[in-house]
Amino acid sequence: MTVMDHRFPGQAVVGLNAVDDLGALVARFAPAHVLVVSDPVLDRAGVMRRALEPLARAGIATTTYTDITGEPTIATVRAAAAFAAATKPDCVVGIGGGSVIDVAKLVAALVTNGGDVTEYWGNDQFRRRPLPKVLIPTTAGTGSEVSQAAVIADDVNVKHAARGWALLADVAVVDATLTVSAPPKVTADSGMDAITHAIEAYLGRRACALSDALAERAFELLAANLVRAFRDGADLDARAATLEGSMLAGMAFNSAGLGAVHALAYPLDTHFHVPHGRTNAVLLPAVLRFNAPQAAAKLRRLAELAGTDDLAGWVDGLLAALSISPSLRDYGVPRAQVEELAREGWDSGQRLLVNNPREMSRGEAEALYQSIW
């Protein structure tokens with residue numbers, strides 16, 4: 001039996017208005033000064049204030065950093081880490097989507113470990129304990145608040161990942177009231193990211209009993225509630241179910257890894273600036289059909305949870321319900337560039353492709369890309 005290494009955050013506080021207890025949760029680390037990392041959209045929307053108010057009530061001094069826009073890059077992390085070095089926090093709170101949370105995790109580790117983020121690609125490269133970090137998602141998508149990974153793009157649009165114990169949250173605060181301001185498009189894109197996490201963790205070669213249990217429940221929650229949350233952002237039951245599903249999917253892929261969808265999606269993210277969840281959504285049906293010969297039993301189980309007998313066809317319908325086009329041409333991808341993108345995804349995504357249930361050649365990756373143009 002393969003030895004599995006399961007890693008989870010130190011504590012997960014889940015429920016409506018859980019963020020109101022943030023002062024007490026952070027005070028346990030006895031910080032003199034907390035850096036709150038967010039983004040300008042959440043600042044303007046008043047969401048960041050939901051984190052600042054309980055910290056102020058607890059008498060905790062804070063500094064805010066909100067210079068994070070879009071998918072994070074090396075430059076983004078360097079600027080945030082330099083700000084942290086200058087302000088000298090002893091705790092980091094990250095409140096936002098996956099981009100914000102990934103940056104917050106890396107800042108907490110870089111403050112104590114030093115050096116440049118590029119020195120830490122791969123597994124468990126951080127040697128010193130990071131600053132305590134409390135991570136608060138505002139979208140139901142990446143699961144970054146419970147994962148041990150941070151994904152960053154370099155200057156030539158290739159994505160790199162730092163992974164390991166140092167990037168796990170000390171506390172994850174999972175509060176669906178913070179997701180209500182997410183517009184329908186963000187809800188759709190982030191939700192498809194979470195569904196892809198659940199499916200790829202479930203089908204992956206490293207899947208095990210624990211990751212399967214997490215992935216099944218995550219998929220069930222997301223499948224039943226994502227369209228509801230998309231259509232009515234104020235539906236707190238649907239918001240809570242999708243956020244919990246995203247968290248469980250993050251825990252599942254934290255143990256079991258991801259696969260071909262994520263491997264092939266990254267060039268679309270970086271070259272065409274398509275939101276990561278949407279690139280996953282576009283690729284997911286074709287990858288499910290590709291994987292079907294090696295994953296039939298598990299695909300049947302997921303289809304059963306979704307109330308269908310054809311999971312790939314069900315995903316096609318889900319994309320239509322979420323107003324997500326399944327065609328690369330609708331995202332500005334020229335036909336002449338399709339094979340180049342497929343090759344780049346295949347070449348740079350080998351760490352993910354080795355976990356895919358069916359081995360994929362470069363030629364098969366190119367054919368798959370052509371099929372969705």
# chains A, B, ... in the order shown; residues from 1 in each chain; ligands from 1
$ closest_atom_pairs --of "range 268-304 of chain A" --to "range 207-217 of chain A" --cutoff "10 Å" --atoms "only C-alpha atoms" --output "Markdown table"
| residue | atom | partner | partner_atom | distance |
| --- | --- | --- | --- | --- |
| A:Lys298 | CA | A:Asp212 | CA | 9.7 |
| A:Arg301 | CA | A:Glu216 | CA | 8.7 |
| A:Leu302 | CA | A:Glu216 | CA | 7.3 |
$ residues_around --residues "Ala320 in chain A" --least-positions-apart "5" --cutoff "12 Å" --atoms "only C-alpha atoms" --output "list of chain:residue names"
A:Ala188, A:Val227, A:Ala281, A:Val282, A:Gly313, A:Trp314, A:Val315, A:Ser325, A:Pro326, A:Ser327
$ residues_around --residues "Phe8 in chain A" --least-positions-apart "3" --cutoff "10 Å" --atoms "only C-alpha atoms" --output "list of chain:residue names"
A:Gln11, A:Ala12, A:Glu145, A:Val146, A:Ser147, A:Gln148, A:Trp165, A:Leu168, A:Ala169, A:Asp170, A:Gly250, A:Met251, A:Ala252, A:Asn254, A:Ser255
$ residues_around --residues "range 126-133 of chain A" --least-positions-apart "3" --cutoff "10 Å" --atoms "only C-alpha atoms" --output "JSON, numbers by chain"
{"A": [26, 29, 31, 34, 35, 36, 89, 90, 91, 92, 93, 94, 101, 104, 105, 106, 107, 108, 109, 110, 111, 112, 113, 114, 119, 120, 121, 122, 123, 136, 145, 162, 163, 164, 165, 166, 167, 168, 169, 170, 171, 172]}
$ closest_residue --among "A:Gly317, A:Gly97, A:Gly363, A:Gly245" --to "Trp346 in chain A" --atoms "only C-alpha atoms"
A:Gly363
$ select_by_dssp --residues "range 178-336 of chain A" --states "alpha helix (DSSP H)" --output "count of residues only"
115
$ residues_around --residues "Leu221 in chain A" --least-positions-apart "2" --cutoff "12 Å" --atoms "only C-alpha atoms" --output "mmCIF file with all heavy atoms, in the first residue's frame"
data_model
loop_
_atom_site.group_PDB
_atom_site.id
_atom_site.type_symbol
_atom_site.label_atom_id
_atom_site.label_comp_id
_atom_site.auth_asym_id
_atom_site.auth_seq_id
_atom_site.Cartn_x
_atom_site.Cartn_y
_atom_site.Cartn_z
ATOM 1 N N ALA A 140 -15.656 30.876 -3.854
ATOM 2 C CA ALA A 140 -15.726 29.418 -3.713
ATOM 3 C C ALA A 140 -15.054 28.820 -4.930
ATOM 4 O O ALA A 140 -15.704 28.576 -5.949
ATOM 5 C CB ALA A 140 -17.175 28.957 -3.599
ATOM 6 N N GLY A 191 -16.320 28.595 -9.274
ATOM 7 C CA GLY A 191 -17.011 27.341 -9.022
ATOM 8 C C GLY A 191 -16.542 26.224 -9.927
ATOM 9 O O GLY A 191 -16.413 25.064 -9.499
ATOM 10 N N ALA A 194 -13.340 24.843 -8.615
ATOM 11 C CA ALA A 194 -13.563 23.927 -7.499
ATOM 12 C C ALA A 194 -14.069 22.572 -7.975
ATOM 13 O O ALA A 194 -13.626 21.511 -7.489
ATOM 14 C CB ALA A 194 -14.549 24.547 -6.505
ATOM 15 N N ILE A 195 -15.014 22.571 -8.921
ATOM 16 C CA ILE A 195 -15.512 21.300 -9.456
ATOM 17 C C ILE A 195 -14.382 20.520 -10.123
ATOM 18 O O ILE A 195 -14.274 19.288 -9.968
ATOM 19 C CB ILE A 195 -16.669 21.561 -10.437
ATOM 20 C CG1 ILE A 195 -17.957 21.832 -9.653
ATOM 21 C CG2 ILE A 195 -16.868 20.391 -11.396
ATOM 22 C CD1 ILE A 195 -19.174 22.076 -10.503
ATOM 23 N N ALA A 198 -12.256 18.857 -7.489
ATOM 24 C CA ALA A 198 -12.882 17.657 -6.940
ATOM 25 C C ALA A 198 -12.766 16.485 -7.908
ATOM 26 O O ALA A 198 -12.402 15.359 -7.519
ATOM 27 C CB ALA A 198 -14.348 17.942 -6.620
ATOM 28 N N LEU A 214 -13.441 13.092 0.530
ATOM 29 C CA LEU A 214 -13.487 14.548 0.434
ATOM 30 C C LEU A 214 -13.967 14.994 -0.944
ATOM 31 O O LEU A 214 -14.814 15.884 -1.071
ATOM 32 C CB LEU A 214 -12.109 15.131 0.717
ATOM 33 C CG LEU A 214 -11.592 14.998 2.149
ATOM 34 C CD1 LEU A 214 -10.088 15.267 2.200
ATOM 35 C CD2 LEU A 214 -12.337 15.951 3.083
ATOM 36 N N ALA A 215 -13.434 14.365 -2.000
ATOM 37 C CA ALA A 215 -13.770 14.767 -3.363
ATOM 38 C C ALA A 215 -15.228 14.474 -3.692
ATOM 39 O O ALA A 215 -15.906 15.287 -4.342
ATOM 40 C CB ALA A 215 -12.848 14.065 -4.354
ATOM 41 N N GLU A 216 -15.732 13.333 -3.258
ATOM 42 C CA GLU A 216 -17.131 12.995 -3.531
ATOM 43 C C GLU A 216 -18.075 14.021 -2.902
ATOM 44 O O GLU A 216 -19.008 14.503 -3.542
ATOM 45 C CB GLU A 216 -17.468 11.596 -3.014
ATOM 46 C CG GLU A 216 -17.056 10.478 -3.928
ATOM 47 C CD GLU A 216 -17.776 9.176 -3.596
ATOM 48 O OE1 GLU A 216 -18.800 9.216 -2.892
ATOM 49 O OE2 GLU A 216 -17.316 8.114 -4.043
ATOM 50 N N ARG A 217 -17.857 14.315 -1.633
ATOM 51 C CA ARG A 217 -18.739 15.265 -0.960
ATOM 52 C C ARG A 217 -18.587 16.663 -1.554
ATOM 53 O O ARG A 217 -19.575 17.397 -1.713
ATOM 54 C CB ARG A 217 -18.459 15.284 0.541
ATOM 55 C CG ARG A 217 -19.389 16.195 1.329
ATOM 56 C CD ARG A 217 -20.849 15.823 1.134
ATOM 57 N NE ARG A 217 -21.739 16.648 1.953
ATOM 58 C CZ ARG A 217 -22.987 16.925 1.623
ATOM 59 N NH1 ARG A 217 -23.518 16.431 0.512
ATOM 60 N NH2 ARG A 217 -23.724 17.677 2.423
ATOM 61 N N ALA A 218 -17.358 17.045 -1.895
ATOM 62 C CA ALA A 218 -17.145 18.342 -2.528
ATOM 63 C C ALA A 218 -17.920 18.429 -3.834
ATOM 64 O O ALA A 218 -18.626 19.417 -4.095
ATOM 65 C CB ALA A 218 -15.658 18.555 -2.781
ATOM 66 N N PHE A 219 -17.796 17.410 -4.665
ATOM 67 C CA PHE A 219 -18.485 17.416 -5.950
ATOM 68 C C PHE A 219 -19.990 17.462 -5.759
ATOM 69 O O PHE A 219 -20.702 18.205 -6.448
ATOM 70 C CB PHE A 219 -18.099 16.183 -6.774
ATOM 71 C CG PHE A 219 -18.804 16.113 -8.099
ATOM 72 C CD1 PHE A 219 -18.377 16.887 -9.162
ATOM 73 C CD2 PHE A 219 -19.914 15.299 -8.268
ATOM 74 C CE1 PHE A 219 -19.046 16.858 -10.381
ATOM 75 C CE2 PHE A 219 -20.592 15.253 -9.478
ATOM 76 C CZ PHE A 219 -20.157 16.033 -10.540
ATOM 77 N N ALA A 223 -22.076 20.412 -7.331
ATOM 78 C CA ALA A 223 -22.982 20.076 -8.422
ATOM 79 C C ALA A 223 -24.411 20.522 -8.125
ATOM 80 O O ALA A 223 -25.142 20.961 -9.022
ATOM 81 C CB ALA A 223 -22.937 18.566 -8.684
ATOM 82 N N ALA A 224 -24.811 20.427 -6.875
ATOM 83 C CA ALA A 224 -26.191 20.756 -6.498
ATOM 84 C C ALA A 224 -26.423 22.245 -6.302
ATOM 85 O O ALA A 224 -27.589 22.688 -6.319
ATOM 86 C CB ALA A 224 -26.562 20.009 -5.221
ATOM 87 N N ASN A 225 -25.363 23.035 -6.113
ATOM 88 C CA ASN A 225 -25.561 24.407 -5.663
ATOM 89 C C ASN A 225 -24.909 25.492 -6.512
ATOM 90 O O ASN A 225 -25.228 26.673 -6.324
ATOM 91 C CB ASN A 225 -25.049 24.546 -4.223
ATOM 92 C CG ASN A 225 -25.919 23.799 -3.242
ATOM 93 O OD1 ASN A 225 -26.989 24.262 -2.862
ATOM 94 N ND2 ASN A 225 -25.459 22.614 -2.828
ATOM 95 N N LEU A 226 -24.007 25.134 -7.428
ATOM 96 C CA LEU A 226 -23.283 26.174 -8.149
ATOM 97 C C LEU A 226 -24.206 27.016 -9.017
ATOM 98 O O LEU A 226 -24.107 28.254 -9.023
ATOM 99 C CB LEU A 226 -22.160 25.561 -9.000
ATOM 100 C CG LEU A 226 -21.356 26.557 -9.845
ATOM 101 C CD1 LEU A 226 -20.785 27.674 -8.992
ATOM 102 C CD2 LEU A 226 -20.247 25.832 -10.601
ATOM 103 N N VAL A 227 -25.093 26.392 -9.750
ATOM 104 C CA VAL A 227 -25.988 27.169 -10.609
ATOM 105 C C VAL A 227 -26.896 28.064 -9.763
ATOM 106 O O VAL A 227 -27.167 29.222 -10.123
ATOM 107 C CB VAL A 227 -26.808 26.250 -11.522
ATOM 108 C CG1 VAL A 227 -27.860 27.042 -12.292
ATOM 109 C CG2 VAL A 227 -25.889 25.525 -12.510
ATOM 110 N N ARG A 228 -27.357 27.568 -8.614
ATOM 111 C CA ARG A 228 -28.162 28.394 -7.709
ATOM 112 C C ARG A 228 -27.396 29.635 -7.263
ATOM 113 O O ARG A 228 -27.926 30.752 -7.272
ATOM 114 C CB ARG A 228 -28.576 27.586 -6.477
ATOM 115 C CG ARG A 228 -29.697 26.603 -6.686
ATOM 116 C CD ARG A 228 -29.960 25.826 -5.407
ATOM 117 N NE ARG A 228 -30.231 26.700 -4.269
ATOM 118 C CZ ARG A 228 -30.213 26.301 -2.993
ATOM 119 N NH1 ARG A 228 -29.886 25.036 -2.706
ATOM 120 N NH2 ARG A 228 -30.488 27.148 -2.024
ATOM 121 N N ALA A 229 -26.143 29.454 -6.861
ATOM 122 C CA ALA A 229 -25.327 30.590 -6.415
ATOM 123 C C ALA A 229 -25.075 31.566 -7.559
ATOM 124 O O ALA A 229 -25.031 32.787 -7.355
ATOM 125 C CB ALA A 229 -24.013 30.087 -5.832
ATOM 126 N N ASP A 237 -27.686 29.817 1.417
ATOM 127 C CA ASP A 237 -27.567 28.359 1.486
ATOM 128 C C ASP A 237 -26.697 27.847 0.353
ATOM 129 O O ASP A 237 -25.815 26.994 0.566
ATOM 130 C CB ASP A 237 -28.959 27.705 1.417
ATOM 131 C CG ASP A 237 -29.760 27.897 2.686
ATOM 132 O OD1 ASP A 237 -29.147 28.173 3.746
ATOM 133 O OD2 ASP A 237 -31.000 27.797 2.627
ATOM 134 N N ALA A 238 -26.939 28.356 -0.848
ATOM 135 C CA ALA A 238 -26.131 27.936 -1.997
ATOM 136 C C ALA A 238 -24.697 28.439 -1.856
ATOM 137 O O ALA A 238 -23.734 27.710 -2.164
ATOM 138 C CB ALA A 238 -26.751 28.458 -3.287
ATOM 139 N N ARG A 239 -24.536 29.664 -1.398
ATOM 140 C CA ARG A 239 -23.180 30.205 -1.195
ATOM 141 C C ARG A 239 -22.400 29.367 -0.176
ATOM 142 O O ARG A 239 -21.232 29.036 -0.382
ATOM 143 C CB ARG A 239 -23.262 31.650 -0.711
ATOM 144 C CG ARG A 239 -23.702 32.658 -1.750
ATOM 145 C CD ARG A 239 -22.640 32.867 -2.801
ATOM 146 N NE ARG A 239 -22.867 34.071 -3.579
ATOM 147 C CZ ARG A 239 -22.150 34.428 -4.636
ATOM 148 N NH1 ARG A 239 -21.156 33.657 -5.042
ATOM 149 N NH2 ARG A 239 -22.411 35.523 -5.309
ATOM 150 N N ALA A 240 -23.052 29.005 0.932
ATOM 151 C CA ALA A 240 -22.365 28.222 1.961
ATOM 152 C C ALA A 240 -22.002 26.844 1.445
ATOM 153 O O ALA A 240 -20.904 26.331 1.716
ATOM 154 C CB ALA A 240 -23.258 28.116 3.204
ATOM 155 N N ALA A 241 -22.911 26.223 0.681
ATOM 156 C CA ALA A 241 -22.638 24.877 0.162
ATOM 157 C C ALA A 241 -21.491 24.891 -0.835
ATOM 158 O O ALA A 241 -20.622 24.000 -0.813
ATOM 159 C CB ALA A 241 -23.898 24.305 -0.477
ATOM 160 N N THR A 242 -21.453 25.900 -1.729
ATOM 161 C CA THR A 242 -20.362 25.942 -2.702
ATOM 162 C C THR A 242 -19.032 26.263 -2.032
ATOM 163 O O THR A 242 -17.989 25.726 -2.415
ATOM 164 C CB THR A 242 -20.654 26.963 -3.818
ATOM 165 O OG1 THR A 242 -20.947 28.243 -3.243
ATOM 166 C CG2 THR A 242 -21.814 26.516 -4.680
ATOM 167 N N LEU A 243 -19.057 27.130 -1.015
ATOM 168 C CA LEU A 243 -17.807 27.454 -0.325
ATOM 169 C C LEU A 243 -17.279 26.245 0.441
ATOM 170 O O LEU A 243 -16.069 25.972 0.432
ATOM 171 C CB LEU A 243 -18.014 28.636 0.613
ATOM 172 C CG LEU A 243 -16.743 29.220 1.244
ATOM 173 C CD1 LEU A 243 -15.766 29.706 0.178
ATOM 174 C CD2 LEU A 243 -17.091 30.351 2.203
ATOM 175 N N GLU A 244 -18.170 25.512 1.096
ATOM 176 C CA GLU A 244 -17.724 24.300 1.784
ATOM 177 C C GLU A 244 -17.237 23.262 0.775
ATOM 178 O O GLU A 244 -16.240 22.560 1.009
ATOM 179 C CB GLU A 244 -18.855 23.727 2.633
ATOM 180 C CG GLU A 244 -18.410 22.559 3.507
ATOM 181 C CD GLU A 244 -19.469 22.119 4.490
ATOM 182 O OE1 GLU A 244 -20.540 22.760 4.574
ATOM 183 O OE2 GLU A 244 -19.219 21.116 5.183
ATOM 184 N N GLY A 245 -17.933 23.159 -0.363
ATOM 185 C CA GLY A 245 -17.480 22.241 -1.400
ATOM 186 C C GLY A 245 -16.102 22.599 -1.917
ATOM 187 O O GLY A 245 -15.239 21.738 -2.134
ATOM 188 N N SER A 246 -15.853 23.902 -2.103
ATOM 189 C CA SER A 246 -14.530 24.361 -2.539
ATOM 190 C C SER A 246 -13.461 24.001 -1.520
ATOM 191 O O SER A 246 -12.364 23.550 -1.873
ATOM 192 C CB SER A 246 -14.565 25.872 -2.755
ATOM 193 O OG SER A 246 -13.283 26.399 -2.986
ATOM 194 N N MET A 247 -13.768 24.184 -0.234
ATOM 195 C CA MET A 247 -12.812 23.849 0.823
ATOM 196 C C MET A 247 -12.494 22.350 0.801
ATOM 197 O O MET A 247 -11.326 21.944 0.862
ATOM 198 C CB MET A 247 -13.382 24.245 2.180
ATOM 199 C CG MET A 247 -12.499 23.866 3.367
ATOM 200 S SD MET A 247 -13.305 24.129 4.972
ATOM 201 C CE MET A 247 -14.529 22.800 4.939
ATOM 202 N N LEU A 248 -13.526 21.516 0.707
ATOM 203 C CA LEU A 248 -13.306 20.071 0.699
ATOM 204 C C LEU A 248 -12.539 19.630 -0.551
ATOM 205 O O LEU A 248 -11.681 18.737 -0.478
ATOM 206 C CB LEU A 248 -14.650 19.343 0.770
ATOM 207 C CG LEU A 248 -15.448 19.529 2.058
ATOM 208 C CD1 LEU A 248 -16.802 18.852 1.941
ATOM 209 C CD2 LEU A 248 -14.688 18.994 3.264
ATOM 210 N N ALA A 249 -12.821 20.262 -1.681
ATOM 211 C CA ALA A 249 -12.073 19.948 -2.899
ATOM 212 C C ALA A 249 -10.605 20.323 -2.743
ATOM 213 O O ALA A 249 -9.712 19.612 -3.219
ATOM 214 C CB ALA A 249 -12.693 20.678 -4.093
ATOM 215 N N LEU A 302 -19.437 9.684 -10.087
ATOM 216 C CA LEU A 302 -19.648 11.128 -10.131
ATOM 217 C C LEU A 302 -20.922 11.465 -10.903
ATOM 218 O O LEU A 302 -21.678 12.357 -10.514
ATOM 219 C CB LEU A 302 -18.446 11.824 -10.765
ATOM 220 C CG LEU A 302 -17.150 11.816 -9.945
ATOM 221 C CD1 LEU A 302 -16.015 12.446 -10.748
ATOM 222 C CD2 LEU A 302 -17.318 12.542 -8.619
ATOM 223 N N LEU A 305 -23.812 11.026 -8.643
ATOM 224 C CA LEU A 305 -23.956 12.137 -7.704
ATOM 225 C C LEU A 305 -24.566 13.367 -8.379
ATOM 226 O O LEU A 305 -25.244 14.162 -7.725
ATOM 227 C CB LEU A 305 -22.598 12.492 -7.101
ATOM 228 C CG LEU A 305 -21.992 11.455 -6.157
ATOM 229 C CD1 LEU A 305 -20.564 11.843 -5.793
ATOM 230 C CD2 LEU A 305 -22.833 11.312 -4.889
ATOM 231 N N ALA A 306 -24.314 13.526 -9.677
ATOM 232 C CA ALA A 306 -24.857 14.663 -10.417
ATOM 233 C C ALA A 306 -26.247 14.379 -10.973
ATOM 234 O O ALA A 306 -26.868 15.275 -11.565
ATOM 235 C CB ALA A 306 -23.916 15.037 -11.558
#
$ closest_residue --among "A:Ala75, A:Val173, A:Leu352, A:Val186" --to "Ala153 in chain A" --atoms "only C-alpha atoms"
A:Ala75
$ atom_distance --atom1 "CA of Asp235 in chain A" --atom2 "CA of Thr177 in chain A"
9.9 Å
$ closest_atom_pairs --of "range 150-192 of chain A" --to "range 264-273 of chain A" --cutoff "12 Å" --atoms "only C-alpha atoms" --output "Markdown table"
| residue | atom | partner | partner_atom | distance |
| --- | --- | --- | --- | --- |
| A:Val151 | CA | A:Tyr266 | CA | 10.3 |
| A:Ile152 | CA | A:Thr270 | CA | 10.2 |
| A:Ala153 | CA | A:Thr270 | CA | 7.3 |
| A:Asp154 | CA | A:Thr270 | CA | 9.3 |
| A:Asp155 | CA | A:Thr270 | CA | 10.0 |
| A:Val156 | CA | A:Thr270 | CA | 8.8 |
| A:Asn157 | CA | A:Thr270 | CA | 5.2 |
| A:Val158 | CA | A:Thr270 | CA | 7.1 |
| A:Lys159 | CA | A:Tyr266 | CA | 6.8 |
| A:His160 | CA | A:Tyr266 | CA | 9.9 |
| A:Ala161 | CA | A:Tyr266 | CA | 11.7 |
$ select_by_dssp --residues "range 45-121 of chain A" --states "strand (DSSP E or B)" --output "CSV table (one decimal) with N, CA and C atoms, in the first residue's frame"
chain,number,residue,atom,x,y,z
A,62,THR,N,-2.9,46.9,12.8
A,62,THR,CA,-2.8,46.3,11.5
A,62,THR,C,-2.2,47.3,10.5
A,63,THR,N,-1.7,46.7,9.5
A,63,THR,CA,-1.3,47.4,8.2
A,63,THR,C,-1.9,46.7,7.1
A,64,THR,N,-2.4,47.4,6.1
A,64,THR,CA,-3.0,46.7,4.9
A,64,THR,C,-2.2,46.8,3.7
A,65,TYR,N,-2.3,45.8,2.9
A,65,TYR,CA,-1.6,45.7,1.6
A,65,TYR,C,-2.6,45.2,0.6
A,73,THR,N,2.0,37.2,-10.1
A,73,THR,CA,3.2,37.0,-10.8
A,73,THR,C,4.4,37.0,-9.8
A,91,CYS,N,2.3,38.5,12.0
A,91,CYS,CA,1.2,37.6,11.6
A,91,CYS,C,0.7,38.1,10.3
A,92,VAL,N,0.2,37.2,9.5
A,92,VAL,CA,-0.4,37.6,8.2
A,92,VAL,C,-1.8,37.1,8.1
A,93,VAL,N,-2.7,38.0,7.7
A,93,VAL,CA,-4.1,37.6,7.4
A,93,VAL,C,-4.3,37.9,5.9
A,94,GLY,N,-4.8,36.9,5.2
A,94,GLY,CA,-5.1,37.0,3.8
A,94,GLY,C,-6.6,36.9,3.6
A,95,ILE,N,-7.2,37.9,3.0
A,95,ILE,CA,-8.6,37.8,2.7
A,95,ILE,C,-8.9,38.1,1.3
A,96,GLY,N,-9.4,37.2,0.5
A,96,GLY,CA,-9.6,37.4,-0.9
A,96,GLY,C,-9.8,36.1,-1.6
